[in-house]
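A.B. asks: My file is structure05.cif. It has mmCIF, C-alpha atoms:
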data_data
#
loop_
_atom_site.label_atom_id
_atom_site.label_comp_id
_atom_site.auth_asym_id
_atom_site.auth_seq_id
_atom_site.Cartn_x
_atom_site.Cartn_y
_atom_site.Cartn_z
CA MET A 1 3.60 -119.88 -104.63
CA THR A 2 0.09 -118.83 -103.61
CA ALA A 3 -2.54 -119.55 -106.25
CA PRO A 4 -4.21 -116.44 -107.71
CA LEU A 5 -7.68 -115.68 -106.42
CA PRO A 6 -10.53 -116.55 -108.80
CA PHE A 7 -12.21 -113.16 -108.21
CA SER A 8 -11.09 -109.58 -107.68
CA ALA A 9 -14.22 -108.28 -105.92
CA VAL A 10 -17.37 -109.51 -104.19
CA ILE A 11 -20.88 -108.05 -104.36
CA PHE A 12 -23.71 -108.98 -102.01
CA ASP A 13 -27.43 -108.62 -102.15
CA LEU A 14 -28.74 -107.34 -98.81
CA ASP A 15 -32.20 -108.55 -97.79
CA GLY A 16 -32.34 -112.30 -97.29
CA THR A 17 -28.66 -112.67 -98.18
CA LEU A 18 -26.75 -110.75 -95.51
CA VAL A 19 -29.56 -109.71 -93.18
CA ASP A 20 -32.50 -111.86 -92.18
CA SER A 21 -34.93 -109.07 -93.00
CA GLU A 22 -37.44 -110.94 -95.16
CA ARG A 23 -39.11 -112.56 -92.15
CA VAL A 24 -39.33 -109.18 -90.45
CA ALA A 25 -40.84 -107.68 -93.61
CA LEU A 26 -43.45 -110.43 -93.88
CA GLU A 27 -44.56 -110.05 -90.27
CA ALA A 28 -44.61 -106.26 -90.60
CA GLY A 29 -46.78 -106.59 -93.70
CA ARG A 30 -49.25 -108.90 -91.99
CA ARG A 31 -49.51 -106.58 -89.00
CA ALA A 32 -49.97 -103.53 -91.21
CA PHE A 33 -52.84 -105.13 -93.14
CA LEU A 34 -54.52 -106.08 -89.89
CA ARG A 35 -54.59 -102.40 -88.95
CA PHE A 36 -57.07 -102.02 -91.82
CA GLY A 37 -59.03 -105.10 -90.83
CA VAL A 38 -57.57 -107.15 -93.68
CA THR A 39 -56.05 -110.61 -93.42
CA VAL A 40 -53.64 -110.66 -96.34
CA ALA A 41 -54.09 -113.50 -98.84
CA PRO A 42 -51.80 -116.51 -98.32
CA GLY A 43 -48.66 -116.23 -100.43
CA PHE A 44 -49.22 -112.61 -101.45
CA LEU A 45 -46.50 -111.08 -99.29
CA GLU A 46 -44.12 -113.96 -100.05
CA GLY A 47 -44.60 -113.23 -103.75
CA LEU A 48 -43.14 -109.75 -103.26
CA ILE A 49 -39.76 -111.06 -102.09
CA GLY A 50 -36.92 -109.97 -104.35
CA ARG A 51 -39.02 -107.39 -106.20
CA ASP A 52 -38.17 -103.69 -106.29
CA ARG A 53 -40.33 -101.10 -104.55
CA ASP A 54 -42.15 -99.98 -107.71
CA ALA A 55 -43.13 -103.57 -108.50
CA VAL A 56 -44.27 -104.01 -104.90
CA ALA A 57 -46.34 -100.83 -105.09
CA ASP A 58 -47.94 -102.00 -108.34
CA ALA A 59 -48.81 -105.38 -106.81
CA LEU A 60 -50.39 -103.69 -103.79
CA ARG A 61 -52.50 -101.44 -106.01
CA VAL A 62 -53.70 -104.33 -108.16
CA SER A 63 -54.63 -106.64 -105.28
CA TYR A 64 -55.52 -104.15 -102.54
CA GLY A 65 -56.30 -100.95 -104.40
CA ALA A 66 -59.32 -100.27 -102.19
CA LEU A 67 -56.98 -99.53 -99.29
CA ASP A 68 -55.33 -96.16 -98.83
CA GLN A 69 -51.96 -97.01 -100.37
CA LEU A 70 -50.02 -94.22 -98.67
CA ALA A 71 -51.47 -95.15 -95.30
CA LEU A 72 -50.73 -98.83 -95.93
CA LYS A 73 -47.09 -98.15 -96.85
CA ARG A 74 -46.75 -95.92 -93.79
CA ALA A 75 -48.18 -98.69 -91.59
CA ILE A 76 -45.79 -101.27 -93.06
CA ARG A 77 -42.84 -98.96 -92.42
CA GLU A 78 -43.97 -98.29 -88.84
CA GLU A 79 -44.43 -101.99 -88.12
CA SER A 80 -41.02 -102.79 -89.62
CA ILE A 81 -39.30 -100.19 -87.46
CA ALA A 82 -41.14 -101.41 -84.35
CA LEU A 83 -40.12 -105.02 -85.00
CA ARG A 84 -36.49 -104.11 -85.59
CA GLU A 85 -36.36 -102.01 -82.45
CA ALA A 86 -37.88 -104.87 -80.47
CA GLU A 87 -35.98 -107.76 -82.02
CA GLY A 88 -33.03 -106.20 -83.84
CA LEU A 89 -32.02 -107.12 -87.36
CA PRO A 90 -30.51 -110.61 -87.33
CA LEU A 91 -27.80 -111.60 -89.77
CA LYS A 92 -27.88 -114.65 -91.98
CA PRO A 93 -25.72 -117.55 -90.73
CA GLY A 94 -22.08 -117.14 -91.75
CA ALA A 95 -22.46 -113.53 -92.91
CA VAL A 96 -19.94 -112.01 -90.50
CA LEU A 97 -17.43 -114.82 -90.96
CA LEU A 98 -17.64 -114.64 -94.74
CA ILE A 99 -17.22 -110.86 -94.80
CA GLU A 100 -14.20 -111.12 -92.49
CA GLU A 101 -12.66 -113.84 -94.66
CA ILE A 102 -13.17 -111.81 -97.84
CA ALA A 103 -11.65 -108.74 -96.19
CA ALA A 104 -8.65 -110.84 -95.12
CA LEU A 105 -8.19 -111.88 -98.75
CA GLY A 106 -7.98 -108.19 -99.67
CA LEU A 107 -11.05 -108.23 -101.92
CA PRO A 108 -13.21 -105.09 -102.03
CA MET A 109 -16.93 -105.51 -101.38
CA ALA A 110 -20.14 -103.75 -102.39
CA VAL A 111 -23.86 -104.20 -101.88
CA ALA A 112 -26.41 -104.24 -104.72
CA THR A 113 -29.95 -104.11 -103.34
CA SER A 114 -33.54 -103.46 -104.37
CA SER A 115 -34.07 -101.52 -101.15
CA GLY A 116 -34.03 -97.74 -101.27
CA ALA A 117 -30.75 -96.03 -100.43
CA GLU A 118 -31.85 -94.67 -97.05
CA GLU A 119 -33.32 -98.00 -96.00
CA ALA A 120 -30.26 -99.95 -97.18
CA GLU A 121 -27.91 -97.67 -95.25
CA ARG A 122 -30.09 -98.00 -92.16
CA LYS A 123 -30.13 -101.80 -92.33
CA LEU A 124 -26.39 -102.10 -92.86
CA THR A 125 -25.68 -99.72 -90.01
CA LEU A 126 -28.11 -101.47 -87.70
CA ALA A 127 -26.51 -104.81 -88.57
CA GLY A 128 -23.01 -103.41 -87.95
CA LEU A 129 -21.87 -104.13 -91.50
CA ARG A 130 -21.69 -100.73 -93.22
CA ALA A 131 -17.95 -100.18 -92.74
CA HIS A 132 -17.09 -103.29 -94.76
CA PHE A 133 -18.55 -102.03 -98.05
CA THR A 134 -16.94 -99.58 -100.42
CA ALA A 135 -20.23 -98.92 -102.21
CA VAL A 136 -23.94 -99.49 -101.65
CA ILE A 137 -25.96 -99.50 -104.85
CA ALA A 138 -29.68 -99.17 -104.13
CA PHE A 139 -32.94 -98.90 -106.04
CA ASP A 140 -32.59 -95.11 -106.18
CA HIS A 141 -29.29 -95.31 -108.04
CA VAL A 142 -30.31 -97.29 -111.13
CA GLU A 143 -32.67 -96.74 -114.03
CA ASN A 144 -33.50 -100.44 -114.31
CA PRO A 145 -33.62 -102.45 -111.06
CA LYS A 146 -33.23 -106.21 -110.66
CA PRO A 147 -33.66 -108.50 -112.58
CA ALA A 148 -31.93 -106.10 -115.00
CA PRO A 149 -28.12 -106.16 -114.65
CA ASP A 150 -27.83 -102.44 -113.83
CA PRO A 151 -27.38 -102.72 -110.03
CA TYR A 152 -24.54 -105.22 -110.34
CA LEU A 153 -22.89 -103.40 -113.23
CA MET A 154 -22.95 -100.17 -111.24
CA ALA A 155 -21.56 -101.93 -108.16
CA ALA A 156 -18.69 -103.40 -110.18
CA ALA A 157 -17.94 -99.99 -111.67
CA ALA A 158 -17.94 -98.43 -108.20
CA LEU A 159 -15.38 -101.00 -107.09
CA GLY A 160 -13.33 -100.51 -110.25
CA HIS A 161 -13.42 -104.16 -111.30
CA ALA A 162 -14.70 -105.93 -114.40
CA PRO A 163 -18.04 -107.69 -113.82
CA GLU A 164 -16.64 -111.03 -114.98
CA LEU A 165 -14.10 -110.86 -112.15
CA CYS A 166 -16.78 -110.30 -109.50
CA LEU A 167 -18.48 -112.91 -107.35
CA ALA A 168 -22.12 -112.20 -106.44
CA PHE A 169 -24.16 -113.57 -103.56
CA GLU A 170 -27.95 -113.62 -103.85
CA ASP A 171 -30.99 -115.28 -102.36
CA SER A 172 -33.77 -114.59 -104.88
CA ASP A 173 -34.27 -115.56 -108.50
CA PRO A 174 -34.64 -111.93 -109.72
CA GLY A 175 -31.40 -111.03 -107.95
CA ALA A 176 -29.53 -114.04 -109.31
CA ALA A 177 -30.80 -113.20 -112.80
CA SER A 178 -29.51 -109.64 -112.38
CA ALA A 179 -26.01 -110.74 -111.36
CA ARG A 180 -25.87 -113.42 -114.04
CA ALA A 181 -26.92 -110.91 -116.73
CA ALA A 182 -24.13 -108.63 -115.54
CA GLY A 183 -21.65 -111.40 -116.33
CA MET A 184 -20.74 -112.33 -112.77
CA ARG A 185 -20.22 -115.68 -111.08
CA VAL A 186 -23.36 -116.17 -109.01
CA VAL A 187 -23.86 -117.96 -105.71
CA GLN A 188 -27.52 -118.31 -104.72
CA VAL A 189 -28.57 -119.21 -101.20
CA PRO A 190 -32.40 -119.30 -101.22
CA ASP A 191 -34.06 -117.71 -98.21
CA MET A 192 -37.85 -117.68 -97.86
CA LEU A 193 -38.62 -119.03 -101.32
CA PRO A 194 -37.19 -122.24 -102.80
CA SER A 195 -35.32 -122.07 -106.09
CA ASP A 196 -33.97 -124.43 -108.71
CA GLY A 197 -31.02 -122.08 -109.16
CA VAL A 198 -31.57 -121.64 -112.89
CA HIS A 199 -29.73 -118.28 -112.84
CA ALA A 200 -26.95 -119.34 -110.47
CA HIS A 201 -23.61 -121.01 -111.03
CA HIS A 202 -23.70 -122.39 -107.49
CA LEU A 203 -26.91 -123.17 -105.60
CA ALA A 204 -25.97 -123.53 -101.93
CA THR A 205 -27.53 -124.09 -98.53
CA SER A 206 -25.39 -121.45 -96.80
CA LEU A 207 -23.15 -118.50 -97.58
CA ILE A 208 -20.05 -120.41 -96.53
CA ALA A 209 -20.92 -123.46 -98.61
CA GLY A 210 -21.54 -121.21 -101.61
CA ALA A 211 -18.26 -119.37 -101.15
CA LEU A 212 -16.33 -122.63 -100.99
CA ALA A 213 -18.14 -123.96 -104.07
CA ALA A 214 -17.18 -120.82 -105.97
CA GLY A 215 -13.52 -121.31 -105.06
CA LEU A 216 -12.90 -118.71 -102.36
CA PRO A 217 -10.03 -120.01 -100.19
CA LEU A 218 -11.61 -119.53 -96.77
CA GLN A 219 -9.42 -120.17 -93.75
CA ARG A 220 -12.12 -120.86 -91.13
CA PRO A 221 -15.09 -122.52 -92.87
CA GLY A 222 -15.69 -124.72 -89.84
CA ASP A 223 -16.53 -121.64 -87.75
CA GLU A 224 -19.75 -120.98 -89.65
CA ILE A 225 -22.10 -122.04 -86.89
CA GLY A 226 -22.90 -119.05 -84.76
CA ALA A 227 -21.04 -116.64 -87.04
#
The structure in this file should be written as structure tokens.
C.D. replies:
Amino acid sequence: MTAPLPFSAVIFDLDGTLVDSERVALEAGRRAFLRFGVTVAPGFLEGLIGRDRDAVADALRVSYGALDQLALKRAIREESIALREAEGLPLKPGAVLLIEEIAALGLPMAVATSSGAEEAERKLTLAGLRAHFTAVIAFDHVENPKPAPDPYLMAAAALGHAPELCLAFEDSDPGAASARAAGMRVVQVPDMLPSDGVHAHHLATSLIAGALAAGLPLQRPGDEIGA
């Protein structure tokens, strides 16, 4: 008899978890600031990772309020688009394999992200992943973004599964805190910023390692390299 699966649904963060977009965002930010003759302070852009767009806007106003904020945000967007068109949007190692394995297990999947809805849809489409997800819950859809539990609770509701039966994959501390507060089992795979995994049940070095630690019965874990 096949053992029952430990989860009934899986929910992923997007940036830094499925797509390797944080590095693109950091470079786009640096280039955008240089348009205004500003070399951004070391660590400033890194400190915005995992924060929602309102928090990012507030941080920009506090530290660089002398700049035209609308023009700065437009420049960042333009640089991001230019970089993606030139280099594409790379996936995190093991992302495709893990999604395929989860689909083979018959588990529905959703995305819970701090990106805006239009941007999230664009990234998933560009990465070739959109068709795998029943729902995409973005910043626009919730009253309280991460680290509040709202994005993950809404994603679980969209999938029709209880939060405690959902497995969440995250890279950042705010995201892990959000999923944990929603009552989910949390796998955290840190991306640009290190973490002690205080909000995670499983702190892992890769998506595949985290999935195995959480108890997902993957059939091809050895295929992770190059996936």
A.B. asks: Can you list every residue of segment 74-105 of chain A that has an atom at most 6 Å from segment 14-30 of chain A, with its nearest atom pair and the distance in Å to one decimal, using all atoms listed in the file, ordered by chain then number, as CSV?
C.D. replies:
residue,atom,partner,partner_atom,distance
A:Ile76,CA,A:Gly29,CA,5.4
A:Glu79,CA,A:Ala28,CA,4.9
A:Ser80,CA,A:Ala28,CA,5.1
A:Pro90,CA,A:Asp20,CA,5.4
A:Leu91,CA,A:Val19,CA,4.3
A:Lys92,CA,A:Val19,CA,5.4
A:Ala95,CA,A:Leu18,CA,5.7
A.B. asks: Which residue gives the smallest distance to Phe44 of chain A among A:Leu60, A:Ala32, A:Met109, A:Pro93, with all atoms listed in the file counted?
C.D. replies: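 For Phe44 of chain A, the nearest of the given residues is A:Leu60.
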A.B. asks: For atom CA of Glu85 of chain A and atom CA of Ala112 of chain A, quote the distance in Å rounded to one decimal.
C.D. replies: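 Between these atoms lies a distance of 24.5 Å.
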A.B. asks: Please enumerate the residues selected by the PyMOL selection byres ((chain A and resi 126) around 12) when evaluated against the supplied file, formatted as a list of chain:residue names.
C.D. replies: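 This file, filtered by the PyMOL selection byres ((chain A and resi 126) around 12), leaves A:Val19, A:Ser21, A:Ile81, A:Arg84, A:Glu85, A:Glu87, A:Gly88, A:Leu89, A:Pro90, A:Leu91, A:Glu119, A:Ala120, A:Glu121, A:Arg122, A:Lys123, A:Leu124, A:Thr125, A:Ala127, A:Gly128, A:Leu129, A:Arg130, A:Ala131.
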A.B. asks: Check the smallest atom-to-atom distance from each of A:Leu212, A:Pro149, A:Ala157, A:Cys166 to Ala181 of chain A using all atoms listed in the file, then report the winner.
C.D. replies: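 Of all the options, A:Pro149 lies closest to Ala181 of chain A.
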A.B. asks: Check the smallest atom-to-atom distance from each of A:His199, A:Leu216, A:Ala66, A:Pro174 to Glu101 of chain A using only C-alpha atoms, then report the winner.
C.D. replies: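 Comparing A:His199, A:Leu216, A:Ala66, A:Pro174 against Glu101 of chain A, the winner is A:Leu216.
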A.B. asks: What is the atom CA of Leu83 of chain A to atom CA of Val38 of chain A distance in Å?
C.D. replies: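 Spanning atom CA of Leu83 of chain A to atom CA of Val38 of chain A is a straight-line distance of 19.6 Å.
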A.B. asks: Let me make sure I understand: among A:Ala110, A:Ala182, A:Leu67, A:Leu5, which one has the smallest atom-to-atom distance to Val40 of chain A if we use all atoms listed in the file?
C.D. replies: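 Nearest candidate to Val40 of chain A out of A:Ala110, A:Ala182, A:Leu67, A:Leu5: A:Leu67.
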A.B. asks: Excluding Phe139 of chain A and its own-chain neighbours fewer than 5 positions away, which residues fall within 9 Å of it when counting only C-alpha atoms? Please give them as a list in words.
C.D. replies: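 Residues near the query, excluding close chain neighbours: Asp52, Arg53, Ala112, Thr113, Ser114, Ser115, Gly116, Ala117, Asn144, Pro145, Lys146 and Pro151 of chain A.
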A.B. asks: Just give me the gap between atom CA of Ala57 of chain A and atom CA of Ala148 of chain A in Å, one decimal is fine.
C.D. replies: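 Computed distance, atom CA of Ala57 of chain A to atom CA of Ala148 of chain A, equals 18.3 Å.
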A.B. asks: With distances taken over only C-alpha atoms, which of A:Pro147, A:Gly94, A:Gly47, A:Gly160 is nearest to Pro108 of chain A?
C.D. replies: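 Counting only C-alpha atoms, the residue closest to Pro108 of chain A is A:Gly160.
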A.B. asks: Which residues, named as in the file, does the PyMOL selection byres ((chain A and resi 184) around 7) pick out? Answer as number ranges by chain.
C.D. replies: A: 163-168, 179-180, 182-183, 185-186
A.B. asks: Using only C-alpha atoms, which residue out of A:Leu98, A:Leu203, A:Ala156, A:Ala71 lies closest to Ala135 of chain A?
C.D. replies: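 Selected residue with least distance to Ala135 of chain A: A:Ala156.
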A.B. asks: Tell me which residues come within 12 Å of (-31.5, -125.3, -103.0), as a ChimeraX atom specification, counting only C-alpha atoms in the file's coordinates.
C.D. replies: /A:171-173,187-198,200,202-206,209-210
